[in-house]
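work_21.csv follows; it contains CSV, C-alpha atoms.
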chain,number,residue,atom,x,y,z
A,30,MET,CA,37.5,50.0,-23.2
A,31,PRO,CA,39.2,50.0,-19.8
A,32,ALA,CA,39.9,46.6,-18.4
A,33,ILE,CA,37.9,47.2,-15.2
A,34,ARG,CA,34.8,48.2,-17.2
A,35,THR,CA,35.2,45.2,-19.5
A,36,ARG,CA,35.4,42.8,-16.5
A,37,HIS,CA,32.3,44.5,-15.0
A,38,LEU,CA,30.2,44.0,-18.1
A,39,CYS,CA,31.4,40.4,-18.3
A,40,SER,CA,30.4,39.8,-14.7
A,41,VAL,CA,26.9,41.3,-15.3
A,42,ALA,CA,26.5,39.2,-18.4
A,43,ALA,CA,27.5,36.1,-16.5
A,44,ALA,CA,25.1,36.9,-13.7
A,45,LEU,CA,22.2,37.4,-16.1
A,46,ALA,CA,23.0,34.2,-17.8
A,47,LEU,CA,23.0,32.4,-14.4
A,48,THR,CA,19.7,34.1,-13.5
A,49,VAL,CA,18.0,33.1,-16.8
A,50,SER,CA,19.4,29.6,-16.4
A,51,ALA,CA,18.2,29.3,-12.8
A,52,SER,CA,14.8,30.6,-13.8
A,53,ALA,CA,14.5,28.2,-16.6
A,54,THR,CA,15.6,25.3,-14.4
A,55,ALA,CA,13.0,26.4,-11.8
A,56,ALA,CA,10.3,26.6,-14.4
A,57,THR,CA,11.3,23.2,-15.8
A,58,ALA,CA,11.3,21.7,-12.3
A,59,ALA,CA,7.8,23.2,-11.6
A,60,ASP,CA,6.5,21.9,-14.9
A,61,SER,CA,8.1,18.5,-14.2
A,62,SER,CA,6.5,18.5,-10.7
A,63,ALA,CA,3.1,19.3,-12.2
A,64,ALA,CA,3.5,16.7,-14.9
A,65,ALA,CA,4.6,14.1,-12.3
A,66,LEU,CA,1.1,14.0,-10.9
A,67,ARG,CA,-1.7,11.9,-12.3
A,68,GLU,CA,-5.4,12.7,-11.5
A,69,VAL,CA,-7.4,9.7,-10.3
A,70,LEU,CA,-10.5,8.7,-8.5
A,71,PHE,CA,-10.2,7.0,-5.1
A,72,VAL,CA,-13.0,4.6,-4.3
A,73,GLY,CA,-13.4,3.6,-0.7
A,74,ASN,CA,-14.5,0.0,-0.2
A,75,ASN,CA,-15.9,0.3,3.3
A,76,TRP,CA,-16.4,-3.3,4.3
A,77,ASP,CA,-13.3,-4.5,2.4
A,78,GLY,CA,-10.8,-2.1,4.1
A,79,THR,CA,-9.4,-1.2,0.7
A,80,ALA,CA,-9.5,1.7,-1.7
A,81,ASP,CA,-9.5,1.2,-5.5
A,82,VAL,CA,-7.7,3.8,-7.6
A,83,ILE,CA,-9.2,4.2,-11.0
A,84,LYS,CA,-8.9,6.6,-14.0
A,85,SER,CA,-10.6,9.9,-13.3
A,86,SER,CA,-12.4,10.0,-16.7
A,87,GLY,CA,-12.6,8.1,-20.0
A,88,ASP,CA,-13.0,4.4,-19.4
A,89,PHE,CA,-12.4,4.7,-15.6
A,90,ALA,CA,-10.2,1.7,-15.8
A,91,LYS,CA,-8.7,0.4,-12.5
A,92,ILE,CA,-5.1,1.5,-11.9
A,93,GLY,CA,-4.4,-0.1,-8.5
A,94,ARG,CA,-5.6,-0.8,-5.0
A,95,ILE,CA,-4.6,0.3,-1.5
A,96,ASN,CA,-4.9,-1.6,1.8
A,97,VAL,CA,-6.3,1.1,4.1
A,98,VAL,CA,-5.9,-1.0,7.3
A,99,PRO,CA,-2.2,-2.1,7.2
A,100,ASP,CA,-2.2,-1.7,11.0
A,101,LYS,CA,-5.4,-3.8,11.5
A,102,ASP,CA,-3.8,-6.3,14.0
A,103,GLN,CA,-2.5,-3.5,16.2
A,104,ARG,CA,-5.8,-1.6,16.2
A,105,MET,CA,-7.8,-4.8,17.0
A,106,ALA,CA,-5.5,-5.6,19.8
A,107,GLU,CA,-6.2,-2.1,21.3
A,108,ILE,CA,-9.9,-2.5,20.9
A,109,ASN,CA,-10.0,-6.0,22.4
A,110,ALA,CA,-8.1,-4.7,25.4
A,111,ASN,CA,-10.5,-1.9,26.1
A,112,PRO,CA,-14.1,-2.9,27.0
A,113,ILE,CA,-15.6,0.5,26.1
A,114,LYS,CA,-13.9,0.6,22.7
A,115,TRP,CA,-15.0,-3.0,22.0
A,116,ILE,CA,-18.6,-2.2,22.8
A,117,TYR,CA,-18.6,0.8,20.3
A,118,PHE,CA,-16.7,-1.3,17.7
A,119,MET,CA,-19.4,-4.0,17.9
A,120,ALA,CA,-22.2,-1.4,17.9
A,121,ILE,CA,-20.8,0.1,14.7
A,122,ARG,CA,-20.7,-3.4,13.1
A,123,ASN,CA,-24.2,-4.2,14.1
A,124,SER,CA,-25.9,-0.9,13.3
A,125,VAL,CA,-24.5,1.5,10.7
A,126,GLY,CA,-22.2,-1.2,9.4
A,127,GLU,CA,-25.1,-3.6,8.6
A,128,GLY,CA,-23.2,-6.5,10.1
A,129,HIS,CA,-19.8,-5.4,8.7
A,130,ASP,CA,-16.9,-3.4,10.0
A,131,GLN,CA,-16.5,0.1,8.5
A,132,PHE,CA,-12.9,0.5,7.5
A,133,VAL,CA,-13.0,3.4,5.2
A,134,ASP,CA,-15.5,6.2,5.0
A,135,ASP,CA,-13.7,9.1,3.3
A,136,MET,CA,-10.3,9.8,1.7
A,137,TYR,CA,-8.2,12.6,0.1
A,138,SER,CA,-4.7,12.6,-1.4
A,139,THR,CA,-2.0,15.1,-0.3
A,140,PRO,CA,-1.1,17.9,-2.8
A,141,ASP,CA,2.1,16.1,-3.8
A,142,GLY,CA,0.3,12.8,-4.6
A,143,LYS,CA,2.5,10.9,-2.3
A,144,SER,CA,0.0,10.0,0.4
A,145,VAL,CA,-3.7,9.4,0.9
A,146,VAL,CA,-5.6,10.4,4.1
A,147,VAL,CA,-8.4,8.1,5.2
A,148,SER,CA,-11.1,8.3,7.9
A,149,ARG,CA,-11.8,4.9,9.4
A,150,PRO,CA,-15.1,4.7,11.3
A,151,SER,CA,-14.6,1.4,13.1
A,152,PHE,CA,-11.1,2.4,14.3
A,153,ALA,CA,-12.2,5.9,15.2
A,154,ASP,CA,-9.3,7.6,13.5
A,155,VAL,CA,-7.8,9.3,10.5
A,156,VAL,CA,-4.6,7.9,9.0
A,157,SER,CA,-2.2,9.1,6.3
A,158,LEU,CA,-0.9,6.2,4.1
A,159,ASP,CA,2.2,6.3,2.0
A,160,LEU,CA,1.2,5.5,-1.5
A,161,THR,CA,4.6,4.0,-2.3
A,162,THR,CA,5.0,1.7,0.7
A,163,GLY,CA,1.4,1.4,1.9
A,164,GLN,CA,2.5,2.1,5.4
A,165,VAL,CA,1.0,4.5,8.0
A,166,ASN,CA,2.7,8.0,8.0
A,167,TRP,CA,0.6,9.3,10.9
A,168,ARG,CA,-2.5,8.5,12.8
A,169,PHE,CA,-5.0,10.8,14.6
A,170,PRO,CA,-7.5,9.2,16.9
A,171,VAL,CA,-10.7,11.3,16.8
A,172,SER,CA,-12.6,12.2,20.0
A,173,GLY,CA,-15.3,9.7,20.8
A,174,TYR,CA,-15.6,6.3,19.0
A,175,ARG,CA,-16.3,6.8,15.3
A,176,ALA,CA,-14.8,8.8,12.4
A,177,ASP,CA,-17.0,9.8,9.5
A,178,HIS,CA,-17.1,12.2,6.5
A,179,MET,CA,-14.2,14.5,5.7
A,180,ALA,CA,-13.6,17.6,3.6
A,181,VAL,CA,-10.3,19.0,2.2
A,182,SER,CA,-9.6,22.8,2.0
A,183,PRO,CA,-9.3,24.3,-1.4
A,184,ASP,CA,-5.5,24.5,-1.1
A,185,GLY,CA,-5.3,20.8,-0.1
A,186,ARG,CA,-3.5,21.6,3.1
A,187,ARG,CA,-6.2,21.0,5.7
A,188,VAL,CA,-8.7,18.1,6.2
A,189,ALA,CA,-11.8,18.3,8.4
A,190,VAL,CA,-13.2,15.1,9.8
A,191,SER,CA,-16.5,14.5,11.7
A,192,ALA,CA,-16.2,12.6,15.0
A,193,SER,CA,-19.7,11.1,15.1
A,194,THR,CA,-20.1,10.2,18.8
A,195,SER,CA,-18.5,13.3,20.3
A,196,ASN,CA,-20.4,15.9,18.1
A,197,THR,CA,-17.0,17.4,17.1
A,198,VAL,CA,-15.2,18.2,13.8
A,199,HIS,CA,-11.4,18.1,13.9
A,200,VAL,CA,-9.3,20.1,11.4
A,201,LEU,CA,-5.9,18.5,10.7
A,202,ASP,CA,-2.8,19.5,8.9
A,203,ILE,CA,-2.9,17.0,6.0
A,204,GLU,CA,0.9,16.6,5.9
A,205,ASN,CA,1.6,15.7,9.5
A,206,GLY,CA,-1.8,15.0,11.2
A,207,ARG,CA,-1.4,17.8,13.7
A,208,GLU,CA,-4.7,19.2,15.0
A,209,LEU,CA,-5.1,22.8,13.9
A,210,GLY,CA,-8.5,23.3,15.6
A,211,LYS,CA,-11.9,21.8,16.3
A,212,PHE,CA,-15.5,22.9,16.7
A,213,GLY,CA,-18.7,21.6,18.2
A,214,THR,CA,-21.7,20.6,16.0
A,215,GLY,CA,-25.2,19.2,16.3
A,216,ASP,CA,-25.8,15.5,17.0
A,217,LYS,CA,-23.9,13.1,14.8
A,218,PRO,CA,-21.9,15.4,12.5
A,219,HIS,CA,-21.8,14.0,9.0
A,220,GLU,CA,-21.0,16.0,5.8
A,221,ASN,CA,-18.4,18.7,5.7
A,222,ILE,CA,-17.9,21.4,3.0
A,223,PHE,CA,-15.3,24.1,2.7
A,224,THR,CA,-16.3,27.2,0.7
A,225,GLN,CA,-14.3,27.8,-2.4
A,226,ASP,CA,-12.4,30.7,-0.9
A,227,GLY,CA,-11.5,28.5,2.1
A,228,LYS,CA,-13.0,30.9,4.6
A,229,TYR,CA,-15.8,28.8,6.0
A,230,ILE,CA,-16.7,25.2,6.8
A,231,TYR,CA,-20.2,23.9,6.7
A,232,ASN,CA,-21.0,20.9,8.8
A,233,MET,CA,-24.3,18.9,8.5
A,234,ALA,CA,-25.4,17.1,11.7
A,235,ILE,CA,-27.9,14.2,10.9
A,236,GLY,CA,-28.9,13.1,14.3
A,237,ASP,CA,-29.5,9.4,15.3
A,238,VAL,CA,-30.0,7.5,12.1
A,239,ASN,CA,-29.8,4.0,13.4
A,240,THR,CA,-32.8,4.0,15.8
A,241,GLN,CA,-36.2,2.5,14.9
A,242,THR,CA,-38.1,5.7,15.9
A,243,ASP,CA,-38.6,6.6,12.2
A,244,ALA,CA,-42.3,7.6,12.1
A,245,PRO,CA,-42.8,11.4,11.5
A,246,TRP,CA,-44.4,12.0,14.8
A,247,LEU,CA,-41.2,10.6,16.5
A,248,ASP,CA,-38.9,12.8,14.5
A,249,TRP,CA,-38.1,14.8,17.7
A,250,THR,CA,-36.2,11.7,19.1
A,251,LYS,CA,-33.6,12.0,16.4
A,252,GLY,CA,-31.7,14.7,18.1
A,253,ASP,CA,-30.2,18.2,17.3
A,254,ARG,CA,-29.9,18.3,13.5
A,255,ARG,CA,-28.5,21.5,12.1
A,256,ILE,CA,-25.9,23.0,9.8
A,257,THR,CA,-23.1,24.6,11.7
A,258,VAL,CA,-21.0,27.2,9.8
A,259,VAL,CA,-17.6,28.2,11.2
A,260,ASP,CA,-14.7,30.4,10.4
A,261,ALA,CA,-12.2,28.1,8.8
A,262,ASN,CA,-9.3,30.0,10.4
A,263,THR,CA,-10.5,30.6,13.9
A,264,TYR,CA,-12.9,27.6,14.0
A,265,GLN,CA,-15.4,29.8,15.8
A,266,GLN,CA,-19.1,29.4,15.0
A,267,VAL,CA,-20.4,32.0,12.5
A,268,LYS,CA,-24.0,30.9,12.3
A,269,VAL,CA,-26.4,27.9,12.6
A,270,ILE,CA,-28.9,27.0,9.9
A,271,ASP,CA,-31.9,25.0,11.1
A,272,MET,CA,-34.0,23.6,8.3
A,273,ARG,CA,-37.0,22.7,10.6
A,274,PRO,CA,-38.7,26.1,10.5
A,275,LYS,CA,-37.9,26.4,6.8
A,276,LEU,CA,-39.6,23.1,6.0
A,277,ASP,CA,-42.5,24.0,8.2
A,278,ALA,CA,-42.9,27.3,6.4
A,279,ILE,CA,-43.6,25.5,3.1
A,280,GLY,CA,-46.0,23.0,4.7
A,281,LEU,CA,-43.6,20.1,5.0
A,282,THR,CA,-44.0,19.5,8.7
A,283,ASP,CA,-43.7,15.7,8.4
A,284,TYR,CA,-40.3,15.9,6.5
A,285,SER,CA,-37.1,15.2,8.3
A,286,ASP,CA,-34.7,18.2,8.8
A,287,ALA,CA,-31.6,15.9,8.8
A,288,VAL,CA,-29.5,17.4,6.0
A,289,ARG,CA,-27.5,14.6,4.3
A,290,PRO,CA,-25.2,15.1,1.3
A,291,ALA,CA,-25.3,18.6,-0.1
A,292,VAL,CA,-23.7,20.6,-2.9
A,293,PHE,CA,-23.3,24.3,-3.6
A,294,SER,CA,-24.0,26.0,-6.9
A,295,PRO,CA,-20.8,27.3,-8.5
A,296,ASP,CA,-21.5,30.9,-7.2
A,297,GLU,CA,-22.4,29.4,-3.7
A,298,SER,CA,-25.7,31.3,-3.7
A,299,LYS,CA,-27.7,28.1,-3.5
A,300,LEU,CA,-27.4,24.9,-1.6
A,301,TYR,CA,-28.9,21.7,-2.9
A,302,PHE,CA,-29.4,19.0,-0.2
A,303,GLN,CA,-31.0,15.7,0.6
A,304,VAL,CA,-32.7,14.8,3.9
A,305,SER,CA,-33.5,11.5,5.7
A,306,PHE,CA,-36.4,9.4,4.3
A,307,PHE,CA,-37.0,11.6,1.3
A,308,ASN,CA,-36.8,10.6,-2.4
A,309,GLY,CA,-35.7,14.0,-3.7
A,310,PHE,CA,-33.8,17.1,-2.7
A,311,PHE,CA,-34.3,20.8,-1.8
A,312,GLU,CA,-32.9,24.1,-3.1
A,313,TYR,CA,-32.0,26.6,-0.4
A,314,ASP,CA,-31.2,30.2,-1.0
A,315,LEU,CA,-28.4,31.5,1.3
A,316,ALA,CA,-29.2,35.2,0.9
A,317,THR,CA,-32.9,34.9,1.8
A,318,ASP,CA,-32.4,32.0,4.2
A,319,ARG,CA,-35.3,30.0,2.8
A,320,ILE,CA,-36.0,26.8,0.8
A,321,THR,CA,-36.9,28.0,-2.7
A,322,ARG,CA,-37.7,24.7,-4.5
A,323,THR,CA,-38.5,21.1,-3.7
A,324,LYS,CA,-37.8,18.3,-6.1
A,325,THR,CA,-39.5,14.9,-5.5
A,326,LEU,CA,-38.0,12.1,-7.6
A,327,PRO,CA,-39.7,8.9,-8.6
A,328,LYS,CA,-40.2,6.1,-6.2
A,329,ASN,CA,-39.2,2.6,-7.2
A,330,PRO,CA,-42.4,0.4,-6.9
A,331,ALA,CA,-40.2,-2.4,-5.5
A,332,THR,CA,-39.0,-0.2,-2.6
A,333,SER,CA,-40.9,-0.5,0.7
A,334,ASP,CA,-42.3,2.6,2.2
A,335,ASP,CA,-41.5,1.2,5.6
A,336,ARG,CA,-39.0,3.8,6.9
A,337,THR,CA,-37.3,1.3,9.2
A,338,THR,CA,-36.1,-0.6,6.1
A,339,PHE,CA,-34.1,2.4,4.8
A,340,VAL,CA,-30.4,2.0,5.5
A,341,ASN,CA,-29.4,4.6,8.1
A,342,ASP,CA,-32.6,6.6,7.4
A,343,SER,CA,-31.3,7.5,3.9
A,344,ARG,CA,-33.7,7.0,1.1
A,345,HIS,CA,-31.5,9.0,-1.3
A,346,HIS,CA,-27.9,9.6,-0.4
A,347,GLY,CA,-25.5,11.3,-2.8
A,348,ILE,CA,-25.7,14.5,-4.9
A,349,SER,CA,-23.2,16.3,-7.2
A,350,MET,CA,-23.3,19.1,-9.7
A,351,SER,CA,-21.7,19.5,-13.2
A,352,PRO,CA,-18.9,22.1,-13.2
A,353,ASP,CA,-21.0,24.6,-15.2
A,354,GLY,CA,-23.9,24.3,-12.7
A,355,SER,CA,-26.4,23.2,-15.2
A,356,LYS,CA,-27.0,19.7,-14.0
A,357,LEU,CA,-27.4,17.8,-10.8
A,358,CYS,CA,-26.7,14.1,-10.3
A,359,VAL,CA,-28.7,12.2,-7.6
A,360,ALA,CA,-28.1,8.8,-6.1
A,361,GLY,CA,-31.4,7.2,-5.3
A,362,THR,CA,-30.0,4.8,-2.8
A,363,MET,CA,-33.0,2.8,-1.7
A,364,ASP,CA,-34.8,3.2,-5.0
A,365,ASP,CA,-31.9,1.6,-6.9
A,366,TYR,CA,-31.2,4.3,-9.5
A,367,ALA,CA,-29.3,7.4,-10.3
A,368,THR,CA,-30.4,10.3,-12.4
A,369,VAL,CA,-29.2,13.6,-13.9
A,370,VAL,CA,-31.5,16.5,-13.2
A,371,ASN,CA,-31.7,19.8,-15.1
A,372,ARG,CA,-31.0,22.5,-12.5
A,373,THR,CA,-33.2,25.1,-14.3
A,374,THR,CA,-36.3,23.0,-14.8
A,375,LEU,CA,-35.6,20.3,-12.1
A,376,GLN,CA,-36.7,17.8,-14.7
A,377,GLU,CA,-35.0,14.4,-14.2
A,378,GLY,CA,-33.5,12.4,-17.1
A,379,PRO,CA,-33.4,8.7,-17.5
A,380,LEU,CA,-33.5,6.6,-14.3
A,381,VAL,CA,-30.2,4.7,-14.6
A,382,THR,CA,-30.5,1.4,-12.8
A,383,ALA,CA,-28.0,1.2,-9.9
A,384,SER,CA,-27.8,-1.1,-6.9
A,385,LYS,CA,-27.9,0.9,-3.7
A,386,PRO,CA,-25.9,3.8,-5.0
A,387,TYR,CA,-24.3,5.5,-2.0
A,388,TRP,CA,-22.5,8.5,-3.4
A,389,ALA,CA,-22.2,10.8,-6.4
A,390,THR,CA,-19.2,12.8,-7.6
A,391,VAL,CA,-17.9,14.4,-10.8
A,392,SER,CA,-15.3,13.0,-13.1
A,393,GLY,CA,-11.9,14.7,-13.6
A,394,ASP,CA,-13.0,16.1,-17.0
A,395,GLY,CA,-16.3,17.3,-15.6
A,396,LYS,CA,-18.3,15.4,-18.2
A,397,SER,CA,-19.6,12.5,-16.1
A,398,CYS,CA,-21.3,11.8,-12.8
A,399,VAL,CA,-19.7,8.9,-11.0
A,400,VAL,CA,-21.9,6.9,-8.5
A,401,SER,CA,-20.8,4.1,-6.2
A,402,GLU,CA,-23.0,1.1,-6.3
A,403,SER,CA,-22.6,-0.5,-2.9
A,404,GLY,CA,-25.0,-3.3,-3.7
A,405,THR,CA,-23.1,-4.7,-6.7
A,406,ASP,CA,-19.5,-3.5,-5.8
A,407,GLN,CA,-19.0,-1.3,-8.8
A,408,VAL,CA,-18.8,2.4,-9.8
A,409,THR,CA,-20.9,3.7,-12.7
A,410,ALA,CA,-20.3,6.7,-14.8
A,411,ILE,CA,-23.3,8.7,-16.2
A,412,ASP,CA,-23.0,11.3,-18.9
A,413,PHE,CA,-24.1,14.7,-17.7
A,414,ALA,CA,-25.1,15.8,-21.2
A,415,THR,CA,-27.4,12.8,-22.0
A,416,GLY,CA,-28.2,11.3,-18.6
A,417,GLN,CA,-27.2,7.9,-20.1
A,418,LYS,CA,-25.0,5.3,-18.5
A,419,GLN,CA,-21.5,5.2,-19.9
A,420,VAL,CA,-19.6,2.4,-18.1
A,421,SER,CA,-19.5,0.4,-14.9
A,422,VAL,CA,-16.2,-0.7,-13.3
A,423,PRO,CA,-15.9,-3.5,-10.6
A,424,VAL,CA,-14.4,-2.4,-7.3
A,425,GLY,CA,-14.2,-3.9,-3.8
A,426,ASP,CA,-16.8,-4.8,-1.2
A,427,HIS,CA,-19.3,-2.0,-0.5
A,428,PRO,CA,-17.9,1.1,-2.2
A,429,GLN,CA,-19.2,4.3,-0.7
A,430,ARG,CA,-17.2,7.6,-0.9
A,431,VAL,CA,-15.6,8.4,-4.3
A,432,ARG,CA,-13.1,11.3,-4.4
A,433,LEU,CA,-10.9,13.0,-7.0
A,434,GLY,CA,-7.2,13.0,-6.1
A,435,HIS,CA,-3.7,12.6,-7.4
A,436,VAL,CA,-1.0,10.0,-7.4
A,437,GLN,CA,2.5,10.3,-8.7
A,438,SER,CA,3.0,9.6,-12.4
A,439,GLY,CA,3.7,5.9,-13.0
A,440,TRP,CA,2.3,4.9,-9.6
A,441,THR,CA,1.4,1.2,-9.0
A,442,SER,CA,-0.1,-0.5,-6.0
A,443,PRO,CA,2.3,-1.0,-3.1
A,444,SER,CA,1.7,-4.8,-3.3
A,445,ALA,CA,2.8,-4.7,-6.9
A,446,ARG,CA,6.3,-3.4,-6.2

Could you express the structure from this file as structure tokens?
Amino acid sequence: MPAIRTRHLCSVAAALALTVSASATAATAADSSAAALREVLFVGNNWDGTADVIKSSGDFAKIGRINVVPDKDQRMAEINANPIKWIYFMAIRNSVGEGHDQFVDDMYSTPDGKSVVVSRPSFADVVSLDLTTGQVNWRFPVSGYRADHMAVSPDGRRVAVSASTSNTVHVLDIENGRELGKFGTGDKPHENIFTQDGKYIYNMAIGDVNTQTDAPWLDWTKGDRRITVVDANTYQQVKVIDMRPKLDAIGLTDYSDAVRPAVFSPDESKLYFQVSFFNGFFEYDLATDRITRTKTLPKNPATSDDRTTFVNDSRHHGISMSPDGSKLCVAGTMDDYATVVNRTTLQEGPLVTASKPYWATVSGDGKSCVVSESGTDQVTAIDFATGQKQVSVPVGDHPQRVRLGHVQSGWTSPSAR
């Protein structure tokens, strides 16, 4: 064989070997990167200013804790120096905060598990916190004077946050906090939901929930309550869904149209939602644009029917769905229970005693509903299959939002380093 041809074949073989080696190295690195993340549940302790990190399934044991207000002194100095900010800060404490400051409403981890992004109502901002150091990576002050519920896009790259007092939703780059867009809503934007394909954002505006004009005939004083649907790329309004005429059409003229927590069916053809003052939920068909079913859940005899005693107008607040779409889980906030409901029959299971449960989510393995018990500072897991309580885990003061996320493998609390 000629020497030139021999050298050529050797070069090709060497190149192939390097290519295979590089591909294997890249694959190993990708596998290592995926393996380096640990799925967890973040539990926001609103009055505490902390977030507990617990296992996402199994025994839900506590892994660590994060201080979500490491910059508290700086923020308080700014508030105390600005009379308008101070007035709103105190108004939040004495109204929706029930005499407490609201330091964490919602939270999501970044795709790499290195940071967690938190909305802080009393500080009217969103911050990214480094999970290794506990320090602030970036801060985004929302328009107005209060930050509320958030949602993360399916790819984990964007986070939408409701700015309560300015009727605005900001959409941010989760890595650097840069505003990518914003859109207007009804009065007091609350829950946000991205569709599974990432094309649309649904925002639910709940109106004024901390006034005492709670009688049905005064419902009109609560403001403009509607679902705003926007294109998640252009942030332009696609449509508005007003539940008032849909409730009136089925004879429920005295029911509030303030849509609270909501969840889509797996195929996104149905929306299940709660409203102010109501112990139950509704099923809404998106194709026909009508409410198709109403589920009234049991009242707790010990719960007063005086609407002014309901915390922020929410009798029931928190709803989630099992991954297969067969079961719903409902937090009966003022009635002090949580229950699993068969989605086909709408028959509820056992009423699991819970103290002011404020949120419901799904465990990492999809087998359990996890509710936050803000009255007893714990989270409780309920088996979707049986409807029975599995375990309760102590957390910080007044847990509210519970979200699935990730931390780096081997992570420990910054204070423990």

> Nearest to Thr263 of chain A among A:Pro327, A:Pro140, A:Pro170, A:Gly210, with distances taken over all atoms listed in the file: which residue is it?
Replying inline: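 The shortest atom-to-atom distance to Thr263 of chain A comes from A:Gly210.
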
>> Just want the 7 Å neighbourhood of Ala261 of chain A, counted on all atoms listed in the file, with same-chain residues fewer than 6 positions away dropped. Output as a list of chain:residue names.
In response: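 My list of contacting residues is A:Gly227, A:Lys228, A:Tyr229, A:Ile230.
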
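Compared by their closest atoms to Phe71 of chain A, and using all atoms listed in the file, the residues A:Pro443, A:Gly213, A:Gly393, A:Pro183 rank with A:Gly393 nearest.
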
> What lies within 9 Å of Gly206 of chain A using all atoms listed in the file, ignoring chain neighbours under 5 positions off, as a VMD selection string?
Replying inline: chain A and resid 155 to 157 166 to 169 201

Which residues of segment 169-208 of chain A come within 10 Å of segment 114-124 of chain A, and for each one, what is the closest pair of atoms and their distance in Å to one decimal, counting only C-alpha atoms, sorted by chain and residue number, as JSON lines?
{"residue": "A:Gly173", "atom": "CA", "partner": "A:Lys114", "partner_atom": "CA", "distance": 9.4}
{"residue": "A:Tyr174", "atom": "CA", "partner": "A:Tyr117", "partner_atom": "CA", "distance": 6.4}
{"residue": "A:Arg175", "atom": "CA", "partner": "A:Ile121", "partner_atom": "CA", "distance": 8.1}
{"residue": "A:Thr194", "atom": "CA", "partner": "A:Tyr117", "partner_atom": "CA", "distance": 9.6}

> Could you state the separation of atom CA of Gln417 of chain A and atom CA of Phe311 of chain A in Å, given to one decimal place?
Replying inline: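 Here the two named atoms are 23.5 Å from each other.
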
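Nearest to Ala234 of chain A of all the residues A:Ala287, A:Leu247, A:Asp260, A:Ala110 is A:Ala287, based on only C-alpha atoms.
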
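Between atom CA of Asp237 of chain A and atom CA of Ser343 of chain A the separation is 11.7 Å.
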
> atom CA of Pro428 of chain A and atom CA of Lys385 of chain A are how many Å apart?
Replying inline: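 Atom CA of Lys385 of chain A lies 10.1 Å from atom CA of Pro428 of chain A.
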
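Within a radius of 12 Å around (-3.2, -4.7, 11.4), the polymer residues are Gly78, Asn96, Val97, Val98, Pro99, Asp100, Lys101, Asp102, Gln103, Arg104, Met105, Ala106, Glu107, Ile108, Phe132, Phe152, Gln164 and Val165 of chain A, counting only C-alpha atoms.
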
> Could you pull the residues within 12 Å of Thr282 of chain A, counting only C-alpha atoms, minus those fewer than 2 positions along the same chain, as a list in words?
Replying inline: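 Here the qualifying residues turn out to be Pro245, Trp246, Asp248, Trp249, Met272, Arg273, Pro274, Lys275, Leu276, Asp277, Ala278, Ile279, Gly280, Tyr284, Ser285 and Asp286 of chain A.
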
Write the residues of the selection above to a file with C-alpha atoms, as a compact mmCIF listing (two decimals), in the coordinates of the input.
# COMPACT_ATOMS: atom_id res chain seq x y z
CA PRO A 245 -42.80 11.40 11.50
CA TRP A 246 -44.40 12.00 14.80
CA ASP A 248 -38.90 12.80 14.50
CA TRP A 249 -38.10 14.80 17.70
CA MET A 272 -34.00 23.60 8.30
CA ARG A 273 -37.00 22.70 10.60
CA PRO A 274 -38.70 26.10 10.50
CA LYS A 275 -37.90 26.40 6.80
CA LEU A 276 -39.60 23.10 6.00
CA ASP A 277 -42.50 24.00 8.20
CA ALA A 278 -42.90 27.30 6.40
CA ILE A 279 -43.60 25.50 3.10
CA GLY A 280 -46.00 23.00 4.70
CA TYR A 284 -40.30 15.90 6.50
CA SER A 285 -37.10 15.20 8.30
CA ASP A 286 -34.70 18.20 8.80

Neighbour list for segment 361-370 of chain A as a PDB file with C-alpha atoms, keeping the file's coordinate frame, cut-off 6 Å, all atoms listed in the file, skip fewer than 4 positions in-chain:
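Final file, part_0.pdb:
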ATOM      1  CA  ASN A 329     -39.200   2.600  -7.200  1.00  0.00           C
ATOM      2  CA  THR A 332     -39.000  -0.200  -2.600  1.00  0.00           C
ATOM      3  CA  ARG A 344     -33.700   7.000   1.100  1.00  0.00           C
ATOM      4  CA  HIS A 345     -31.500   9.000  -1.300  1.00  0.00           C
ATOM      5  CA  HIS A 346     -27.900   9.600  -0.400  1.00  0.00           C
ATOM      6  CA  LYS A 356     -27.000  19.700 -14.000  1.00  0.00           C
ATOM      7  CA  LEU A 357     -27.400  17.800 -10.800  1.00  0.00           C
ATOM      8  CA  LEU A 375     -35.600  20.300 -12.100  1.00  0.00           C
ATOM      9  CA  GLN A 376     -36.700  17.800 -14.700  1.00  0.00           C
ATOM     10  CA  GLU A 377     -35.000  14.400 -14.200  1.00  0.00           C
ATOM     11  CA  GLY A 378     -33.500  12.400 -17.100  1.00  0.00           C
ATOM     12  CA  LEU A 380     -33.500   6.600 -14.300  1.00  0.00           C
ATOM     13  CA  VAL A 381     -30.200   4.700 -14.600  1.00  0.00           C
ATOM     14  CA  THR A 382     -30.500   1.400 -12.800  1.00  0.00           C
ATOM     15  CA  ALA A 383     -28.000   1.200  -9.900  1.00  0.00           C
ATOM     16  CA  SER A 384     -27.800  -1.100  -6.900  1.00  0.00           C
ATOM     17  CA  LYS A 385     -27.900   0.900  -3.700  1.00  0.00           C
ATOM     18  CA  PRO A 386     -25.900   3.800  -5.000  1.00  0.00           C
ATOM     19  CA  TYR A 387     -24.300   5.500  -2.000  1.00  0.00           C
ATOM     20  CA  GLY A 416     -28.200  11.300 -18.600  1.00  0.00           C
TER      21      GLY A 416
END

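By only C-alpha atoms, and with residues fewer than 3 positions from Val269 of chain A along its chain excluded, the set lying at most 8 Å from it is A:Arg255, A:Ile256, A:Thr257, A:Val258, A:Gln266.
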
> For Asn75 of chain A, which residue among A:Thr323, A:Ser191, A:Thr240, A:Ser148 is the nearest when counting all atoms listed in the file?
Replying inline: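 So, comparing all the options, the nearest one is A:Ser148.
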